[in-house]
Structures are given as C-alpha cells and as structure tokens.
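Undergrad: One structure is given below, represented as structure tokens, and several questions about it will come after.
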Amino acid sequence: MEGQTLIPEEPPVPPIDEEIKADVVVIGGGPNGLINAAYLARSGLKVVILERRQELGGGLATEEILFPGIYANTHATYHMMVDYMPVLDDFDLRRHALMFIKPNAQTGIVFEDGSSMLLCTKIQDCIDQIDKFSSKDAKAFNTMIRDFRTVVDEILAPATYYPPMPPIEFVVALNKTLTGRKLNDITEKSPLEIIDETFTNDKVKALFLYLSCMWGLAPDITGMGFMVPLLVYRNLNKYLCVGGSHKLSSSLAKELVLNGGLILENAEATKIIMENGKAVGVETHDGIRVMAKVVVSSLDPHSTFLKLVGEDKLTPELAKYVNGWEWDKWSLFTLHLAINEQPKYIAKDRNINDAFMNIIGIESMDDVLKLTKRAMEGGTLPVPAGHCTTETRYDTTLSRQNKVHSAFFQMLASYDAPNGWEESKKEAEKAALETWKKYTQNITDETIVMMGSESPLDIERRIPCMVRGSIKHGDYSSLQMGYFRPNDLCSNSKTPFEGLYLCGASMNPGGLIIGGPGYIAANIIAEDMGVKKWWKTPESIKTFIQEYIE
C-alpha cells in the first residue's frame, strides 16, 4: 500500500530435532570429555558431546584476551605429560598438524642480587647450575632426580592411565620392588620435609619447594609426597603446544567428527534424565534431549550430582561425600602483557632469558611458605611472586602483530579477595607489574602495549565447573586422590547409578591436562558396553600391570 513500508516475512526457522538418539552422551567438551568421546566414537559408537561454551577445550583455551592478533593460553600452557599420553599416538594427532616444543631451558629462578638457577632437560646442566650455590646440593640433586625419573617412568606415569587400587592394596603392591618401596617412603612425607631433607642451600630449597607446591600442594601436607617426584621431574620436561593449547582440543574434535561423533556447542546440560535409577539421557537449556545408553560427565561432583542428577536422588552416603567435596586450596591470578620486547631478566646469566618458565619474587624457602599461607588464608591479595612465561619466545604463531609478544606472570591467589575481585584487580595488577619490572631490565611503561589480568573469579565465570577458580576441579589431598577421587563410591569412573560415568579432573588421577580421567573412563565404558577396543595398551602400562597389579 502506498505510504506504508512492507516488512518482508522472516524466513522460516528450520525445525529443531528435540530428541537425539545416541549410544553415549558426554557432558563437557574439555580435554577429558574429548578424549573419552574420541575413543568411543572410533569404536563404532554414536557419541554426542554437549559443551556449554561456544567453543570446545575447557582449559585448552587460546584466546585474544588483550590485543587483536595477540593470543595467550588462558589456562593450560605447560603440558607436562606429553611423553606419556596414549591419546597422542593412538590417534596419531600429528596428522592434524599438532606439534609440541620442549625447550632445553625449562625452569629458571631469578634473585634480586642477579644470581639465578636454570633447570634444563639435561641433568648435567641442572647439576652445573645448582653447583653455583652448593656442591653438596648439586650431588643431592643428581641422586634425587634420577630416583624421581625412575619412580615416574615405572609407576606414576603408567598409573596415570590405569584405574586406581584401594590404598592399602596399592601400598602392598608397591612393596614388591625397590622403586615402589622408595615411593611408599616418600608418600608419607610432606613436600617441605622432602625438600628440606634433600638440600642445604636456602635458594635451592626455595626453587624446588615452589615447583612442588605451585599446582596446589600445601608445603606441610602429608600423605601426598608421591606428587613431588612427578611435579619436580615433569617441570624439567614441560612442552608448549605450537599454535596454542587449543590446537590439542581442536585435533581431538576432528577425530570425534571423523568417526561420526556429534558436537553441540552452546548446549548447557541442565538435567541428567533418570529412569528407575538409571541414567538414560541429558536435557539441555534449550530443551533438546539426548537419549543414550551411557551418560558421561566431565564436570565436578557438585555439578554432576547436585545440579544435574538432583540431591534428592542421592543416597545419604553419596550426598555426604559430594557435599563434603573440597575445592582447590588456592587458585591463580594472572597478569597478561602484550609487549614489544621479549622480557630480559636482571640475572647475570643471560641464558635465563631462554627459560620456558622463570620464577621471580622468591628469595628463600620462607618466601614460598608465606605466599602459600597467604593464598590459603583468603580475603587477601596474592603475594606478588610466582612464575612468568613469554609464550611467543618459542611459539611465534601466537602473535600476528610484528614484534609484539605475549607474556604472563602468574601468582597463587585466593578466591576471596578483599572487597571482591572486581574491586581488587587493579591493585593486584599494580603489585604484580612492580615486581615484574623489578626483576627485568626492559619491562617499562614504554614497552608495554597492553595489559590485562585474570582473577580466580574470571576463571570461574569462564568455566563454571572450576568452582572458586579450582583449576583441578578439587583439592589434592590424601582423602581426594587415587581411589578416593572423588570418593570410593565413584572410583574407577563408575557411579552408583547404572549408565552414569565420570571422566573429568575430579576423577583419578586429577587435572592439569594429563588425559588420564578421559582415557581410563573410555577403557571402562568400552568394557562395560562390550565394545571391542581398537587401541592397544602401551608397553609402559603393561609392564606396570605385570610388576604391581597381577
């Protein structure tokens, strides 16, 4: 009609298939969810992944958080188990251009007086560095690290990909060998006891205590000493994922799709559908129902049982366990910089600038005790001390801007900041930047292109199952590890509910992108469903089973 504007009809919205049939539905597209789904999909099962966010990966996140064309790994940067993860070889993920770099210069520590230590992949290089501070400690390190390497290679690494045993049975099994007996002895000690008994020089102690505790072990916790060999030895063998950590999740997603799997992003699970005590499907926030023979959750215990299953459906014993789940002792606060020069540290030894990771702000073992104590107390800002990495030193693909680099400084931090993190971020940024400037020659207001930070609250907002910024989905303690992770009712990936399995970081052996929970769950689910496994057990795991299990 004249004088009227005709509004064109909207194109018809394609109908949504509100119910999807599958063999397996996996809640959460983080590393363990993807690993679990990829193995089962190649086994011939129809697998669906539900991911709350717009992209897969969980902690395998690589994002433009500061400046267009400058990428940072916002969670996982240090890949510590690349030498052992079965998934890399089983799927030959190199065919998706997945590559890792292991720098020889691994972990450095810089002191105010310009002295430094640099731990490398080569043991003799480490000995020479420690010898600058103490010849006695250099010899002690030589003995310690060779024992640690044997313990990791023979027991801890293969056990990462094998279902846990009840603790008493495992202690008895370990007593079969000299290596196992050494591990039993060290397990009962605290990180502080292990390091204090091994070394004499305070700066050497500070370095190794920080490496033992940085991912959540309280220095005085007992019954967790077995983690010290793993954390110290693997801190000499960290890898960087070329192109960003997200490349690993992208490669796993490709394998899932190539084998007929379906990925639904922006598909937050709101309910695990139960029938007669059995898990039969999952409902999403937009009403889609994925009905399946098996439901696998990679979320934390609270999300899985309290929110999705419903506390009213839990037995009193299971409800007690779930409600008693303890989150990480501390989280992380990260200062990110886009900077037009690679940081140069004040150390007299210029090789320190090549370190994959540098520790700053720690001058003594007492400093480590102070910063862990502060992080656990809550209601305080983090001590401006921690570890730094220039990601573009070894991976130039992370910068699309000429001569602009991506670097970060990460500190142990409480979730409970004074007045909340919204009010405290700027103060924490300022303190962190002042410390970073103090230990470098060239971080100045002129060299910084852009600055930003991530608090424990930001971590929780991005990935809600990292409650209170819990990067491991739950504390590392003797009551929440091994057979008791998350509890003895849900050990070995199974739950008291038929058809419901767990495969996330709150399962044995834990978090930090090691792939164990997803791999273990895939093996158990395949066995329970009577599916023939197309993959073979790695030789290291076979040897571990022969020596300690059979």
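By convention in this document, the chains of the structure tokens carry letters A, B, ... by their order, each chain's residues are numbered from 1, and ligands are numbered from 1 in the order they are shown.
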Under the rule of at most 12 Å, produce a per-residue listing of stretch 277-392 of chain A near stretch 236-247 of chain A: chain, number, name, the closest pair of atoms, and the distance in Å, as CSV, using only C-alpha atoms.
TA:
residue,atom,partner,partner_atom,distance
A:Ala355,CA,A:Leu236,CA,10.8
A:Phe356,CA,A:Lys238,CA,8.3
A:Met357,CA,A:Lys238,CA,9.4
A:Thr389,CA,A:Leu240,CA,10.9
A:Thr390,CA,A:Leu240,CA,11.2
A:Glu391,CA,A:Leu240,CA,8.4
A:Thr392,CA,A:Gly243,CA,9.9
Undergrad: Once you have the residues from the selection above, write them out as an mmCIF file, in the first residue's frame, restricted to N, CA and C atoms.
TA:
data_model
loop_
_atom_site.group_PDB
_atom_site.id
_atom_site.type_symbol
_atom_site.label_atom_id
_atom_site.label_comp_id
_atom_site.auth_asym_id
_atom_site.auth_seq_id
_atom_site.Cartn_x
_atom_site.Cartn_y
_atom_site.Cartn_z
ATOM 1 N N ALA A 355 64.534 -19.359 29.336
ATOM 2 C CA ALA A 355 63.754 -20.317 30.118
ATOM 3 C C ALA A 355 62.295 -20.305 29.697
ATOM 4 N N PHE A 356 61.722 -21.477 29.594
ATOM 5 C CA PHE A 356 60.299 -21.630 29.313
ATOM 6 C C PHE A 356 59.492 -20.956 30.422
ATOM 7 N N MET A 357 59.960 -21.088 31.658
ATOM 8 C CA MET A 357 59.286 -20.502 32.807
ATOM 9 C C MET A 357 60.322 -19.935 33.762
ATOM 10 N N THR A 389 56.119 -16.504 31.943
ATOM 11 C CA THR A 389 56.423 -17.148 30.660
ATOM 12 C C THR A 389 56.164 -16.172 29.523
ATOM 13 N N THR A 390 57.104 -16.115 28.602
ATOM 14 C CA THR A 390 56.908 -15.377 27.354
ATOM 15 C C THR A 390 56.526 -16.407 26.299
ATOM 16 N N GLU A 391 55.245 -16.512 26.013
ATOM 17 C CA GLU A 391 54.753 -17.587 25.143
ATOM 18 C C GLU A 391 55.285 -17.481 23.720
ATOM 19 N N THR A 392 55.506 -16.255 23.250
ATOM 20 C CA THR A 392 55.966 -16.072 21.874
ATOM 21 C C THR A 392 57.468 -16.284 21.717
#
Undergrad: Need to verify the contact set: A:Ala267, 7 Å, only C-alpha atoms, exclusion of same-chain residues closer than 6 positions in sequence. Can you return it as a PyMOL selection string?
TA: chain A and resi 50-52+284-285
Undergrad: Fewer than 6 positions away in the same chain doesn't count, so skip those; otherwise give me all residues within 10 Å of stretch 397-402 of chain A, counting only C-alpha atoms, as a list of chain:residue names.
TA: A:Thr62, A:Glu63, A:Glu64, A:Phe67, A:Pro68, A:Gly69, A:Ile70, A:Tyr71, A:Ala72, A:Asn73, A:Val242, A:Gly243, A:Gly244, A:Ala338, A:Asn340, A:Glu391
Undergrad: Export C-alpha atoms of the chosen residues as a tab-separated table (two decimals), in the first residue's frame?
TA:
chain	number	residue	atom	x	y	z
A	62	THR	CA	43.88	-19.96	23.46
A	63	GLU	CA	42.30	-16.54	23.13
A	64	GLU	CA	42.82	-12.93	22.03
A	67	PHE	CA	45.07	-7.16	21.70
A	68	PRO	CA	43.82	-8.22	18.24
A	69	GLY	CA	46.19	-10.78	16.79
A	70	ILE	CA	47.96	-11.47	20.10
A	71	TYR	CA	46.99	-14.84	21.56
A	72	ALA	CA	47.50	-16.23	25.05
A	73	ASN	CA	46.89	-19.63	26.59
A	242	VAL	CA	52.52	-24.90	18.89
A	243	GLY	CA	49.71	-22.62	17.79
A	244	GLY	CA	48.25	-22.58	21.29
A	338	ALA	CA	51.27	-7.56	25.14
A	340	ASN	CA	57.05	-5.03	22.15
A	391	GLU	CA	54.75	-17.59	25.14
Undergrad: Quick one: residues within 9 Å of A:Pro86, only C-alpha atoms counted, chain neighbours fewer than 5 positions away excluded, as an mmCIF file with N, CA and C atoms, in the first residue's frame?
TA:
data_model
loop_
_atom_site.group_PDB
_atom_site.id
_atom_site.type_symbol
_atom_site.label_atom_id
_atom_site.label_comp_id
_atom_site.auth_asym_id
_atom_site.auth_seq_id
_atom_site.Cartn_x
_atom_site.Cartn_y
_atom_site.Cartn_z
ATOM 1 N N PHE A 91 45.837 -41.904 18.204
ATOM 2 C CA PHE A 91 45.145 -41.221 17.106
ATOM 3 C C PHE A 91 46.114 -40.592 16.105
ATOM 4 N N TYR A 161 47.243 -43.631 33.797
ATOM 5 C CA TYR A 161 46.319 -44.111 32.759
ATOM 6 C C TYR A 161 45.774 -45.500 33.083
ATOM 7 N N GLY A 515 45.150 -36.091 30.716
ATOM 8 C CA GLY A 515 44.376 -37.028 29.896
ATOM 9 C C GLY A 515 44.016 -38.331 30.562
ATOM 10 N N TYR A 519 40.881 -41.135 29.453
ATOM 11 C CA TYR A 519 41.384 -42.409 28.926
ATOM 12 C C TYR A 519 40.891 -43.581 29.775
ATOM 13 N N THR A 537 47.058 -51.402 24.700
ATOM 14 C CA THR A 537 47.636 -50.892 25.936
ATOM 15 C C THR A 537 49.113 -50.591 25.729
ATOM 16 N N PRO A 538 49.579 -49.379 26.035
ATOM 17 C CA PRO A 538 51.004 -49.047 25.879
ATOM 18 C C PRO A 538 51.896 -49.996 26.684
#
Undergrad: What lies within 12 Å of A:Ser251 using only C-alpha atoms, ignoring chain neighbours under 3 positions off, as a count of residues only?
TA: 30
Undergrad: Could you give me, as a PyMOL selection string, the residues within 12 Å of A:Pro486, counting only C-alpha atoms and dropping anything in the same chain fewer than 4 positions from it?
TA: chain A and resi 164+299-302+304-305+318+320-327+472-482+490-495+502-510+517
Undergrad: Step one, run DSSP on the backbone; step two, keep only residues of stretch 258-297 of chain A assigned to strand (DSSP E); then write them as a list in words.
TA: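 Secondary structure check on stretch 258-297 of chain A, strand (DSSP E): Leu262, Ile263, Leu264, Ala269, Thr270, Lys271, Ile272, Ile273, Met274, Glu275, Lys278, Ala279, Val280, Gly281, Val282, Glu283, Thr284, Arg289, Val290, Met291, Ala292, Lys293, Val294, Val295, Val296 and Ser297 of chain A.
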Undergrad: Keeping only N, CA and C atoms, write those residues as a tab-separated table (two decimals), in the first residue's frame.
TA:
chain	number	residue	atom	x	y	z
A	262	LEU	N	29.00	-36.26	17.13
A	262	LEU	CA	28.26	-35.01	17.00
A	262	LEU	C	28.65	-34.09	18.15
A	263	ILE	N	28.97	-32.83	17.82
A	263	ILE	CA	29.33	-31.84	18.83
A	263	ILE	C	28.26	-30.76	18.85
A	264	LEU	N	27.68	-30.53	20.01
A	264	LEU	CA	26.71	-29.45	20.19
A	264	LEU	C	27.31	-28.41	21.12
A	269	ALA	N	24.13	-28.48	29.66
A	269	ALA	CA	23.32	-29.54	30.25
A	269	ALA	C	22.63	-29.01	31.51
A	270	THR	N	21.34	-29.26	31.60
A	270	THR	CA	20.58	-28.80	32.77
A	270	THR	C	20.01	-29.95	33.59
A	271	LYS	N	20.01	-31.15	33.02
A	271	LYS	CA	19.43	-32.27	33.74
A	271	LYS	C	19.92	-33.59	33.15
A	272	ILE	N	20.32	-34.50	34.03
A	272	ILE	CA	20.57	-35.88	33.61
A	272	ILE	C	19.25	-36.63	33.79
A	273	ILE	N	18.74	-37.16	32.72
A	273	ILE	CA	17.43	-37.83	32.74
A	273	ILE	C	17.59	-39.21	33.37
A	274	MET	N	16.86	-39.45	34.43
A	274	MET	CA	16.93	-40.72	35.16
A	274	MET	C	15.63	-41.48	35.03
A	275	GLU	N	15.72	-42.78	34.83
A	275	GLU	CA	14.56	-43.66	34.82
A	275	GLU	C	14.87	-44.90	35.65
A	278	LYS	N	18.42	-45.27	36.67
A	278	LYS	CA	19.39	-45.40	35.59
A	278	LYS	C	19.45	-44.11	34.79
A	279	ALA	N	20.67	-43.70	34.41
A	279	ALA	CA	20.85	-42.53	33.56
A	279	ALA	C	20.57	-42.92	32.12
A	280	VAL	N	19.63	-42.21	31.48
A	280	VAL	CA	19.23	-42.58	30.12
A	280	VAL	C	19.37	-41.42	29.13
A	281	GLY	N	19.83	-40.26	29.60
A	281	GLY	CA	19.97	-39.15	28.67
A	281	GLY	C	20.26	-37.85	29.39
A	282	VAL	N	20.36	-36.78	28.60
A	282	VAL	CA	20.66	-35.44	29.13
A	282	VAL	C	19.76	-34.44	28.44
A	283	GLU	N	19.27	-33.48	29.23
A	283	GLU	CA	18.48	-32.39	28.67
A	283	GLU	C	19.29	-31.10	28.73
A	284	THR	N	19.20	-30.29	27.68
A	284	THR	CA	19.97	-29.05	27.61
A	284	THR	C	19.08	-27.85	27.92
A	289	ARG	N	16.82	-33.01	24.07
A	289	ARG	CA	17.07	-34.20	24.87
A	289	ARG	C	17.93	-35.16	24.07
A	290	VAL	N	19.05	-35.53	24.64
A	290	VAL	CA	19.91	-36.53	24.01
A	290	VAL	C	19.76	-37.82	24.81
A	291	MET	N	19.09	-38.79	24.23
A	291	MET	CA	18.85	-40.07	24.90
A	291	MET	C	19.97	-41.03	24.53
A	292	ALA	N	20.52	-41.71	25.54
A	292	ALA	CA	21.69	-42.55	25.29
A	292	ALA	C	21.73	-43.73	26.26
A	293	LYS	N	22.51	-44.73	25.88
A	293	LYS	CA	22.71	-45.89	26.75
A	293	LYS	C	23.63	-45.55	27.92
A	294	VAL	N	24.53	-44.60	27.65
A	294	VAL	CA	25.52	-44.21	28.66
A	294	VAL	C	25.63	-42.70	28.71
A	295	VAL	N	25.67	-42.15	29.92
A	295	VAL	CA	25.90	-40.71	30.14
A	295	VAL	C	27.26	-40.58	30.83
A	296	VAL	N	28.11	-39.71	30.31
A	296	VAL	CA	29.43	-39.49	30.88
A	296	VAL	C	29.57	-38.01	31.23
A	297	SER	N	29.90	-37.72	32.48
A	297	SER	CA	30.07	-36.34	32.90
A	297	SER	C	31.53	-36.03	33.16
Undergrad: When you count only C-alpha atoms, which of these residues is closest to A:Ala413: A:Val368, A:Leu332, A:Ala105, A:Ile339?
TA: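 Using only C-alpha atoms, the shortest distance to A:Ala413 belongs to A:Leu332.
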Undergrad: Name all residues at most 7 Å from stretch 373-377 of chain A (count only C-alpha atoms; drop same-chain ones fewer than 4 positions away) and give them as a ChimeraX atom specification.
TA: /A:329-330,369,382,412-414
Undergrad: In Å, with one decimal, what is the gap from atom CA of A:Ile359 to atom CA of A:Ser116?
TA: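 Atom CA of A:Ser116 lies 9.7 Å from atom CA of A:Ile359.
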Undergrad: I need the residue nearest A:Glu454 from this list: A:Met411, A:Met466, A:Leu45, A:Leu118. Use only C-alpha atoms for the distance.
TA: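 Looking only at the distances to A:Glu454, the closest residue turns out to be A:Met411.
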Undergrad: Please, which residues of stretch 130-348 of chain A, numbered as in this document, come out helix (DSSP H, G or I) from DSSP, as a PyMOL selection string?
TA: chain A and resi 130-131+135-159+167-174+178-187+191-198+202-213+227-234+246-258+301-313+316-323
